[in-house]
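Data block for work_34.pdb (PDB, C-alpha atoms):
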ATOM      1  CA  MET A 125      16.740 -11.645   0.416
ATOM      2  CA  THR A 126      16.493 -10.734   4.080
ATOM      3  CA  HIS A 127      17.534  -7.160   3.286
ATOM      4  CA  VAL A 128      14.424  -6.685   1.175
ATOM      5  CA  LEU A 129      12.267  -8.144   3.939
ATOM      6  CA  ILE A 130      13.754  -5.673   6.403
ATOM      7  CA  VAL A 131      12.962  -2.768   4.072
ATOM      8  CA  SER A 132       9.372  -3.919   3.656
ATOM      9  CA  ALA A 133       9.041  -4.446   7.437
ATOM     10  CA  PHE A 134      10.234  -0.871   7.936
ATOM     11  CA  MET A 135       7.630   0.396   5.482
ATOM     12  CA  PHE A 136       4.936  -1.686   7.212
ATOM     13  CA  PHE A 137       5.709  -0.302  10.652
ATOM     14  CA  THR A 138       6.006   3.214   9.297
ATOM     15  CA  GLY A 139       2.452   2.769   8.035
ATOM     16  CA  VAL A 140       1.289   1.442  11.412
ATOM     17  CA  CYS A 141       2.995   4.365  13.186
ATOM     18  CA  GLY A 142       1.363   6.852  10.823
ATOM     19  CA  PHE A 143      -2.019   5.209  11.380
ATOM     20  CA  ILE A 144      -1.699   5.749  15.121
ATOM     21  CA  ILE A 145      -0.185   9.246  15.070
ATOM     22  CA  ARG A 146      -2.259  10.994  12.439
ATOM     23  CA  ARG A 147      -5.577  12.686  13.048
ATOM     24  CA  ASN A 148      -6.734  13.494   9.544
ATOM     25  CA  MET A 149      -8.716  10.732   7.876
ATOM     26  CA  ILE A 150      -6.996  11.067   4.534
ATOM     27  CA  THR A 151      -3.528  10.687   6.033
ATOM     28  CA  ILE A 152      -4.793   7.584   7.823
ATOM     29  CA  LEU A 153      -5.832   6.249   4.420
ATOM     30  CA  MET A 154      -2.341   7.017   3.079
ATOM     31  CA  SER A 155      -0.809   5.016   5.938
ATOM     32  CA  ILE A 156      -3.063   2.084   5.046
ATOM     33  CA  GLU A 157      -1.748   2.256   1.480
ATOM     34  CA  LEU A 158       1.807   2.122   2.855
ATOM     35  CA  ILE A 159       0.926  -1.031   4.813
ATOM     36  CA  LEU A 160      -0.604  -2.707   1.762
ATOM     37  CA  ASN A 161       2.415  -1.840  -0.378
ATOM     38  CA  ALA A 162       4.782  -3.338   2.166
ATOM     39  CA  VAL A 163       2.789  -6.586   2.086
ATOM     40  CA  ASN A 164       2.925  -6.534  -1.710
ATOM     41  CA  ILE A 165       6.713  -6.294  -1.716
ATOM     42  CA  ASN A 166       6.837  -9.236   0.683
ATOM     43  CA  MET A 167       4.647 -11.387  -1.574
ATOM     44  CA  VAL A 168       6.682 -10.620  -4.685
ATOM     45  CA  VAL A 169      10.002 -11.232  -2.938
ATOM     46  CA  PHE A 170       8.882 -14.581  -1.541
ATOM     47  CA  ASN A 171       7.731 -15.593  -4.976
ATOM     48  CA  LYS A 172      10.916 -14.552  -6.712
ATOM     49  CA  PHE A 173      13.490 -15.899  -4.279
ATOM     50  CA  LEU A 174      11.865 -18.899  -2.614
ATOM     51  CA  TYR A 175       9.489 -20.302  -5.226
ATOM     52  CA  PRO A 176      10.542 -19.126  -8.667
ATOM     53  CA  ASP A 177       8.679 -21.977 -10.383
ATOM     54  CA  GLN A 178       5.241 -20.671  -9.432
ATOM     55  CA  LEU A 179       3.421 -17.400  -9.863
ATOM     56  CA  GLN A 180       1.266 -17.395  -6.750
ATOM     57  CA  GLY A 181       2.965 -14.484  -5.009
ATOM     58  CA  GLN A 182       2.598 -12.264  -8.026
ATOM     59  CA  PHE A 183      -1.091 -13.074  -8.421
ATOM     60  CA  PHE A 184      -1.734 -12.485  -4.756
ATOM     61  CA  ALA A 185      -0.017  -9.103  -5.027
ATOM     62  CA  LEU A 186      -2.184  -8.313  -8.051
ATOM     63  CA  PHE A 187      -5.355  -9.078  -6.140
ATOM     64  CA  ILE A 188      -4.163  -7.031  -3.179
ATOM     65  CA  VAL A 189      -3.713  -4.013  -5.476
ATOM     66  CA  GLY A 190      -7.242  -4.498  -6.834
ATOM     67  CA  ILE A 191      -8.752  -4.761  -3.369
ATOM     68  CA  ALA A 192      -6.798  -1.698  -2.207
ATOM     69  CA  ALA A 193      -8.233   0.301  -5.077
ATOM     70  CA  ALA A 194     -11.805  -0.745  -4.237
ATOM     71  CA  GLU A 195     -11.293  -0.036  -0.538
ATOM     72  CA  ALA A 196      -9.725   3.385  -1.153
ATOM     73  CA  SER A 197     -12.640   4.462  -3.320
ATOM     74  CA  VAL A 198     -15.265   3.438  -0.751
ATOM     75  CA  ALA A 199     -13.227   5.082   2.036
ATOM     76  CA  ILE A 200     -13.042   8.357   0.130
ATOM     77  CA  ALA A 201     -16.775   8.285  -0.558
ATOM     78  CA  LEU A 202     -17.340   7.888   3.190
ATOM     79  CA  ILE A 203     -14.884  10.708   3.965
ATOM     80  CA  ILE A 204     -16.649  13.061   1.572
ATOM     81  CA  ASN A 205     -19.992  12.229   3.204
ATOM     82  CA  ILE A 206     -18.573  12.837   6.681
ATOM     83  CA  TYR A 207     -17.159  16.160   5.534
ATOM     84  CA  ARG A 208     -20.586  17.216   4.308
ATOM     85  CA  LYS A 209     -22.138  16.475   7.683
ATOM     86  CA  LEU A 210     -19.500  17.658  10.105
ATOM     87  CA  SER A 211     -17.426  20.020   7.955
ATOM     88  CA  SER A 212     -14.198  18.536   9.311
ATOM     89  CA  ILE A 213     -12.252  15.316   8.742
ATOM     90  CA  ASN A 214     -10.655  14.985  12.132
ATOM     91  CA  VAL A 215     -11.179  11.518  13.570
ATOM     92  CA  GLU A 216     -11.701  12.938  17.028
ATOM     93  CA  GLN A 217     -14.770  14.851  15.946
ATOM     94  CA  VAL A 218     -16.642  11.854  14.566
ATOM     95  CA  ASN A 219     -18.216  10.850  17.845
ATOM     96  CA  GLU A 220     -21.965  11.148  17.407
ATOM     97  CA  MET A 221     -22.513   7.404  17.742
ATOM     98  CA  LYS A 222     -20.352   7.142  20.825
ATOM     99  CA  TYR A 223     -21.921   5.518  23.820
TER     100      TYR A 223
ATOM    101  CA  MET B1492      29.890  -2.530  -5.948
ATOM    102  CA  ALA B1493      27.801  -4.436  -8.440
ATOM    103  CA  LEU B1494      25.202  -2.362 -10.192
ATOM    104  CA  ASN B1495      22.155  -4.250  -8.983
ATOM    105  CA  VAL B1496      23.306  -3.970  -5.368
ATOM    106  CA  LEU B1497      23.696  -0.222  -5.897
ATOM    107  CA  MET B1498      20.186  -0.034  -7.407
ATOM    108  CA  PHE B1499      18.799  -1.980  -4.469
ATOM    109  CA  TYR B1500      20.320   0.430  -1.962
ATOM    110  CA  LEU B1501      19.115   3.431  -3.949
ATOM    111  CA  LEU B1502      15.531   2.153  -4.153
ATOM    112  CA  SER B1503      15.543   1.168  -0.480
ATOM    113  CA  ALA B1504      16.742   4.659   0.454
ATOM    114  CA  VAL B1505      13.949   6.211  -1.639
ATOM    115  CA  ILE B1506      11.303   3.974  -0.058
ATOM    116  CA  VAL B1507      12.532   4.454   3.527
ATOM    117  CA  ILE B1508      13.046   8.220   3.386
ATOM    118  CA  PHE B1509       9.823   9.059   1.607
ATOM    119  CA  SER B1510       7.669   6.782   3.769
ATOM    120  CA  VAL B1511       8.968   8.479   6.918
ATOM    121  CA  LEU B1512       8.360  11.880   5.308
ATOM    122  CA  THR B1513       4.789  10.842   4.424
ATOM    123  CA  ILE B1514       3.803  10.224   7.984
ATOM    124  CA  THR B1515       5.597  13.184   9.514
ATOM    125  CA  SER B1516       4.926  15.930   7.019
ATOM    126  CA  ARG B1517       2.790  18.792   8.282
ATOM    127  CA  ARG B1518       1.273  19.828   5.004
ATOM    128  CA  ILE B1519      -1.219  17.393   3.580
ATOM    129  CA  LEU B1520      -0.500  17.880  -0.122
ATOM    130  CA  ARG B1521       3.181  17.204   0.449
ATOM    131  CA  ALA B1522       2.288  13.984   2.251
ATOM    132  CA  ALA B1523       0.346  12.849  -0.824
ATOM    133  CA  PHE B1524       3.306  13.678  -3.048
ATOM    134  CA  PHE B1525       5.684  11.716  -0.834
ATOM    135  CA  LEU B1526       3.283   8.766  -0.995
ATOM    136  CA  LEU B1527       3.511   8.980  -4.782
ATOM    137  CA  CYS B1528       7.320   8.814  -4.545
ATOM    138  CA  VAL B1529       7.089   5.721  -2.312
ATOM    139  CA  LEU B1530       4.815   4.006  -4.822
ATOM    140  CA  VAL B1531       7.100   4.846  -7.742
ATOM    141  CA  GLY B1532      10.051   3.486  -5.746
ATOM    142  CA  THR B1533       8.126   0.264  -5.151
ATOM    143  CA  ALA B1534       7.412  -0.003  -8.883
ATOM    144  CA  GLY B1535      11.127   0.464  -9.523
ATOM    145  CA  PHE B1536      11.757  -2.383  -7.122
ATOM    146  CA  TYR B1537       9.403  -4.630  -9.084
ATOM    147  CA  PHE B1538      11.274  -3.738 -12.262
ATOM    148  CA  MET B1539      14.500  -4.741 -10.543
ATOM    149  CA  VAL B1540      13.265  -8.262  -9.779
ATOM    150  CA  ASP B1541      12.069  -8.717 -13.381
ATOM    151  CA  TYR B1542       8.342  -8.570 -12.702
ATOM    152  CA  GLN B1543       7.461  -6.012 -15.320
ATOM    153  CA  PHE B1544       3.730  -6.758 -15.379
ATOM    154  CA  MET B1545       3.444  -6.186 -11.651
ATOM    155  CA  ALA B1546       5.434  -2.947 -11.937
ATOM    156  CA  GLY B1547       3.180  -1.720 -14.721
ATOM    157  CA  VAL B1548       0.047  -2.532 -12.724
ATOM    158  CA  GLN B1549       1.520  -0.765  -9.693
ATOM    159  CA  LEU B1550       2.273   2.364 -11.691
ATOM    160  CA  VAL B1551      -1.096   2.519 -13.426
ATOM    161  CA  LEU B1552      -3.366   1.608 -10.508
ATOM    162  CA  TYR B1553      -1.551   2.949  -7.490
ATOM    163  CA  ALA B1554       0.437   5.913  -8.716
ATOM    164  CA  GLY B1555      -1.988   6.876 -11.433
ATOM    165  CA  GLY B1556      -5.282   5.981  -9.782
ATOM    166  CA  ILE B1557      -5.272   5.926  -6.016
ATOM    167  CA  VAL B1558      -2.920   8.859  -5.470
ATOM    168  CA  VAL B1559      -4.924  10.989  -7.908
ATOM    169  CA  LEU B1560      -8.082  10.004  -6.000
ATOM    170  CA  ILE B1561      -6.437  10.973  -2.715
ATOM    171  CA  ILE B1562      -5.354  14.351  -4.091
ATOM    172  CA  PHE B1563      -8.889  15.010  -5.381
ATOM    173  CA  SER B1564     -10.360  14.251  -2.003
ATOM    174  CA  ILE B1565      -7.760  16.456  -0.275
ATOM    175  CA  LEU B1566      -8.784  19.348  -2.498
ATOM    176  CA  LEU B1567     -12.474  18.661  -1.861
ATOM    177  CA  THR B1568     -12.241  18.541   1.896
ATOM    178  CA  SER B1569      -9.600  20.984   2.965
ATOM    179  CA  HIS B1570      -7.693  23.980   1.792
ATOM    180  CA  ILE B1571      -4.761  23.327  -0.528
ATOM    181  CA  SER B1572      -2.152  24.696   1.853
ATOM    182  CA  TYR B1573      -3.649  23.100   4.928
ATOM    183  CA  LYS B1574      -1.111  22.772   7.723
ATOM    184  CA  PHE B1575      -1.476  20.252  10.494
ATOM    185  CA  PRO B1576      -1.055  21.050  14.148
ATOM    186  CA  GLN B1577       1.595  19.081  15.981
ATOM    187  CA  PRO B1578       0.386  15.683  17.254
ATOM    188  CA  GLU B1579       0.127  15.540  20.996
ATOM    189  CA  ALA B1580       2.877  13.841  22.965
ATOM    190  CA  GLY B1581       0.978  10.835  24.298
ATOM    191  CA  ARG B1582      -0.135   9.664  20.872
ATOM    192  CA  LEU B1583       3.322  10.273  19.395
ATOM    193  CA  VAL B1584       5.023   8.209  22.092
ATOM    194  CA  MET B1585       2.550   5.363  21.743
ATOM    195  CA  GLY B1586       2.881   5.303  17.963
ATOM    196  CA  LEU B1587       6.669   5.325  18.065
ATOM    197  CA  LEU B1588       6.675   2.605  20.715
ATOM    198  CA  VAL B1589       4.466   0.329  18.640
ATOM    199  CA  GLY B1590       6.375   1.060  15.457
ATOM    200  CA  ILE B1591       9.891   0.603  16.766
ATOM    201  CA  GLY B1592       8.970  -2.369  18.958
ATOM    202  CA  GLY B1593       7.315  -4.156  16.063
ATOM    203  CA  LEU B1594      10.220  -3.358  13.753
ATOM    204  CA  VAL B1595      12.806  -4.782  16.183
ATOM    205  CA  LEU B1596      10.693  -7.897  16.741
ATOM    206  CA  SER B1597      10.183  -8.630  13.062
ATOM    207  CA  THR B1598      13.809  -7.877  12.164
ATOM    208  CA  MET B1599      14.975 -10.383  14.762
ATOM    209  CA  ALA B1600      12.510 -12.954  13.442
ATOM    210  CA  ILE B1601      13.653 -12.406   9.848
ATOM    211  CA  MET B1602      17.356 -12.704  10.671
ATOM    212  CA  LYS B1603      16.944 -15.890  12.686
ATOM    213  CA  TYR B1604      14.783 -17.839  10.240
ATOM    214  CA  ALA B1605      16.523 -19.975   7.607
ATOM    215  CA  PHE B1606      14.631 -19.434   4.380
ATOM    216  CA  LYS B1607      14.752 -22.500   2.173
ATOM    217  CA  ALA B1608      14.379 -22.060  -1.558
ATOM    218  CA  THR B1609      12.780 -24.691  -3.751
ATOM    219  CA  GLU B1610      14.940 -26.595  -6.201
ATOM    220  CA  ASN B1611      12.578 -26.659  -9.160
ATOM    221  CA  ALA B1612      13.563 -24.874 -12.315
ATOM    222  CA  ALA B1613      12.548 -21.228 -12.483
ATOM    223  CA  LEU B1614       9.479 -20.452 -14.537
ATOM    224  CA  LYS B1615       9.959 -17.877 -17.237
ATOM    225  CA  VAL B1616       7.636 -15.049 -16.283
ATOM    226  CA  ASP B1617       6.230 -13.480 -19.404
ATOM    227  CA  MET B1618       2.770 -12.365 -20.440
ATOM    228  CA  ASN B1619       1.977 -15.801 -21.896
ATOM    229  CA  ALA B1620       2.505 -17.552 -18.557
ATOM    230  CA  ILE B1621       0.698 -14.836 -16.609
ATOM    231  CA  GLY B1622      -2.273 -14.826 -18.957
ATOM    232  CA  THR B1623      -2.750 -18.583 -19.116
ATOM    233  CA  GLN B1624      -2.488 -18.941 -15.366
ATOM    234  CA  LEU B1625      -4.654 -15.968 -14.498
ATOM    235  CA  LEU B1626      -7.559 -17.156 -16.626
ATOM    236  CA  GLY B1627      -6.883 -20.876 -16.408
ATOM    237  CA  THR B1628      -9.142 -23.378 -14.695
ATOM    238  CA  GLY B1629      -6.651 -26.198 -14.182
ATOM    239  CA  LYS B1630      -4.339 -26.836 -11.263
ATOM    240  CA  ASN B1631      -2.746 -23.417 -10.989
ATOM    241  CA  GLY B1632      -5.616 -21.496 -12.440
ATOM    242  CA  TYR B1633      -6.870 -18.275 -10.945
ATOM    243  CA  ALA B1634     -10.114 -17.862 -12.878
ATOM    244  CA  LEU B1635     -12.310 -17.923  -9.754
ATOM    245  CA  PRO B1636     -10.506 -15.136  -7.831
ATOM    246  CA  PHE B1637     -10.438 -13.140 -11.037
ATOM    247  CA  GLU B1638     -14.214 -13.277 -11.374
ATOM    248  CA  VAL B1639     -14.729 -12.611  -7.686
ATOM    249  CA  ILE B1640     -12.548  -9.524  -7.761
ATOM    250  CA  SER B1641     -14.396  -8.150 -10.745
ATOM    251  CA  ILE B1642     -17.669  -8.511  -8.820
ATOM    252  CA  LEU B1643     -15.994  -6.839  -5.836
ATOM    253  CA  LEU B1644     -14.917  -3.899  -7.967
ATOM    254  CA  LEU B1645     -18.440  -3.552  -9.344
ATOM    255  CA  ALA B1646     -19.904  -3.624  -5.839
ATOM    256  CA  ALA B1647     -17.356  -1.064  -4.611
ATOM    257  CA  MET B1648     -18.104   1.232  -7.518
ATOM    258  CA  ILE B1649     -21.879   1.096  -6.950
ATOM    259  CA  GLY B1650     -21.426   1.535  -3.201
ATOM    260  CA  ALA B1651     -19.124   4.528  -3.592
ATOM    261  CA  ILE B1652     -21.518   6.242  -5.998
ATOM    262  CA  ILE B1653     -24.489   5.755  -3.683
ATOM    263  CA  ILE B1654     -22.607   6.854  -0.567
ATOM    264  CA  ALA B1655     -21.175   9.998  -2.084
ATOM    265  CA  LYS B1656     -24.346  11.098  -3.832
ATOM    266  CA  LYS B1657     -25.971  14.277  -2.577
ATOM    267  CA  GLY B1658     -29.047  13.370  -0.536
ATOM    268  CA  ARG B1659     -32.396  14.737  -1.590
TER     269      ARG B1659
END

Give the structure from the file, written as structure tokens.
Amino acid sequence: MTHVLIVSAFMFFTGVCGFIIRRNMITILMSIELILNAVNINMVVFNKFLYPDQLQGQFFALFIVGIAAAEASVAIALIINIYRKLSSINVEQVNEMKY
Amino acid sequence: MALNVLMFYLLSAVIVIFSVLTITSRRILRAAFFLLCVLVGTAGFYFMVDYQFMAGVQLVLYAGGIVVLIIFSILLTSHISYKFPQPEAGRLVMGLLVGIGGLVLSTMAIMKYAFKATENAALKVDMNAIGTQLLGTGKNGYALPFEVISILLLAAMIGAIIIAKKGR
């Protein structure tokens, strides 16, 4: 089981790395999806190998997928609005509210 | 090598390679396609541990919903063959430091911890068990989170429509 946890940890930190490196907002959103998927794999693996008599890990993973879908749709609505105003989706150019 | 060990290594290779390619690709549409491959590999992993419902949900919602949404928004906000400039060195070093440091730390923590499995009999996971527990109100029931997430999805849908509407 620890091999699967190492794979999902790798995917998690790849997502974190991509979140820090990338400048385009949509690629930042893709890194967030990588992070959420890694957490999902963790939940399912803990359910299957440590507690096979319950279904809690699977339900938690299901709710995480639902929340990720809602969050991705709101994020893309915001990105489209920002693109209309600033005509670019670089995170460094969204600085009108900066102190 | 046993076949399920071979499948595990194959799926892990798919997930690892395509996730690294997602964050380092310079063309944005290719990054979205590599994300799709990662999600399909994850669904294959769920099939391997016998959680077919979860794999089906992953394929329909993630691969068929969110990635399509991401590709639509890529086409709405930038050119289809948009090519990124190279990231600058300071940000790259910081990102790699955080990523590799965190990976080493969590790998050490995983290898040292002794995971203890429960000794109860395994529950047979089929649609009957999933359905009765998801909508049940007894001890292991999940009816309340189910209702809350449907309200959340409604709120997200209304919010997204209002935010993305063209102003007057």

I would like the residues chosen by the PyMOL selection byres ((chain A and resi 159) around 12) on the shown file; could you give them as a PyMOL selection string?
(chain A and resi 132-143+152-158+160-166+188-189+192) or (chain B and resi 1510+1526+1529-1530)

Dump of C-alpha atoms for the selected residues, as a PDB file, in the coordinates of the input:
ATOM      1  CA  SER A 132       9.372  -3.919   3.656  1.00  0.00           C
ATOM      2  CA  ALA A 133       9.041  -4.446   7.437  1.00  0.00           C
ATOM      3  CA  PHE A 134      10.234  -0.871   7.936  1.00  0.00           C
ATOM      4  CA  MET A 135       7.630   0.396   5.482  1.00  0.00           C
ATOM      5  CA  PHE A 136       4.936  -1.686   7.212  1.00  0.00           C
ATOM      6  CA  PHE A 137       5.709  -0.302  10.652  1.00  0.00           C
ATOM      7  CA  THR A 138       6.006   3.214   9.297  1.00  0.00           C
ATOM      8  CA  GLY A 139       2.452   2.769   8.035  1.00  0.00           C
ATOM      9  CA  VAL A 140       1.289   1.442  11.412  1.00  0.00           C
ATOM     10  CA  CYS A 141       2.995   4.365  13.186  1.00  0.00           C
ATOM     11  CA  GLY A 142       1.363   6.852  10.823  1.00  0.00           C
ATOM     12  CA  PHE A 143      -2.019   5.209  11.380  1.00  0.00           C
ATOM     13  CA  ILE A 152      -4.793   7.584   7.823  1.00  0.00           C
ATOM     14  CA  LEU A 153      -5.832   6.249   4.420  1.00  0.00           C
ATOM     15  CA  MET A 154      -2.341   7.017   3.079  1.00  0.00           C
ATOM     16  CA  SER A 155      -0.809   5.016   5.938  1.00  0.00           C
ATOM     17  CA  ILE A 156      -3.063   2.084   5.046  1.00  0.00           C
ATOM     18  CA  GLU A 157      -1.748   2.256   1.480  1.00  0.00           C
ATOM     19  CA  LEU A 158       1.807   2.122   2.855  1.00  0.00           C
ATOM     20  CA  LEU A 160      -0.604  -2.707   1.762  1.00  0.00           C
ATOM     21  CA  ASN A 161       2.415  -1.840  -0.378  1.00  0.00           C
ATOM     22  CA  ALA A 162       4.782  -3.338   2.166  1.00  0.00           C
ATOM     23  CA  VAL A 163       2.789  -6.586   2.086  1.00  0.00           C
ATOM     24  CA  ASN A 164       2.925  -6.534  -1.710  1.00  0.00           C
ATOM     25  CA  ILE A 165       6.713  -6.294  -1.716  1.00  0.00           C
ATOM     26  CA  ASN A 166       6.837  -9.236   0.683  1.00  0.00           C
ATOM     27  CA  ILE A 188      -4.163  -7.031  -3.179  1.00  0.00           C
ATOM     28  CA  VAL A 189      -3.713  -4.013  -5.476  1.00  0.00           C
ATOM     29  CA  ALA A 192      -6.798  -1.698  -2.207  1.00  0.00           C
TER      30      ALA A 192
ATOM     31  CA  SER B1510       7.669   6.782   3.769  1.00  0.00           C
ATOM     32  CA  LEU B1526       3.283   8.766  -0.995  1.00  0.00           C
ATOM     33  CA  VAL B1529       7.089   5.721  -2.312  1.00  0.00           C
ATOM     34  CA  LEU B1530       4.815   4.006  -4.822  1.00  0.00           C
TER      35      LEU B1530
END

Quick check, in Å to one decimal: how far apart do atom CA of Gln182 of chain A and atom CA of Leu1625 of chain B lie?
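Calculated distance between atom CA of Gln182 of chain A and atom CA of Leu1625 of chain B is 10.4 Å.
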
Can you turn the PyMOL selection byres ((chain B and resi 1519) around 8) into a concrete residue list for this file, as a tab-separated table (two decimals) with C-alpha atoms, in the coordinates of the input?
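Output file result-v9.tsv follows:
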chain	number	residue	atom	x	y	z
A	151	THR	CA	-3.53	10.69	6.03
B	1516	SER	CA	4.93	15.93	7.02
B	1517	ARG	CA	2.79	18.79	8.28
B	1518	ARG	CA	1.27	19.83	5.00
B	1520	LEU	CA	-0.50	17.88	-0.12
B	1521	ARG	CA	3.18	17.20	0.45
B	1522	ALA	CA	2.29	13.98	2.25
B	1523	ALA	CA	0.35	12.85	-0.82
B	1565	ILE	CA	-7.76	16.46	-0.28
B	1572	SER	CA	-2.15	24.70	1.85
B	1573	TYR	CA	-3.65	23.10	4.93
B	1574	LYS	CA	-1.11	22.77	7.72
B	1575	PHE	CA	-1.48	20.25	10.49

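Using all atoms listed in the file, the contacts of Val168 of chain A at a cut-off of 9 Å, with sequence neighbours closer than 6 positions omitted, comprise Gln180, Gly181, Gln182, Phe183, Phe184 and Ala185 of chain A; Tyr1537, Val1540, Tyr1542 and Met1545 of chain B.
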
With 6 Å as the cut-off and only C-alpha atoms counted, what is the closest atom pair between each nearby residue of chain A and chain B? Distances in Å to one decimal, ordered by chain and number, as CSV.
residue,atom,partner,partner_atom,distance
A:Phe137,CA,B:Gly1590,CA,5.0
A:Cys141,CA,B:Gly1586,CA,4.9
A:Gly142,CA,B:Ile1514,CA,5.0
A:Ile144,CA,B:Gly1586,CA,5.4
A:Ile145,CA,B:Leu1583,CA,5.7
A:Leu174,CA,B:Ala1608,CA,4.2
A:Tyr175,CA,B:Thr1609,CA,5.7
A:Pro176,CA,B:Ala1613,CA,4.8
A:Asp177,CA,B:Ala1613,CA,4.5
A:Ala194,CA,B:Ala1647,CA,5.6
A:Val198,CA,B:Ala1651,CA,4.9
A:Ala201,CA,B:Ala1655,CA,5.0
A:Asn205,CA,B:Ala1655,CA,5.9

Between atom CA of Ile203 of chain A and atom CA of Val1505 of chain B, what is the distance in Å, rounded to a tenth?
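Those two atoms sit 29.7 Å apart.
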
Report, in Å with one decimal, the straight-line distance from atom CA of Met125 of chain A to atom CA of Phe170 of chain A.
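So the answer is 8.6 Å.
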
Once you add 4 Å to each side, what are the centre and edge lengths of the axis-aligned box holding all listed atoms of segment 189-208 of chain A? One decimal in Å, as lines of an AutoDock Vina configuration file, if you can.
center_x = -12.1
center_y = 6.2
center_z = -0.1
size_x = 24.9
size_y = 30.0
size_z = 21.5

Residues selected by the PyMOL selection byres ((chain A and resi 208-217) around 6), written as a ChimeraX atom specification
/A:147-149,205-207,218-219
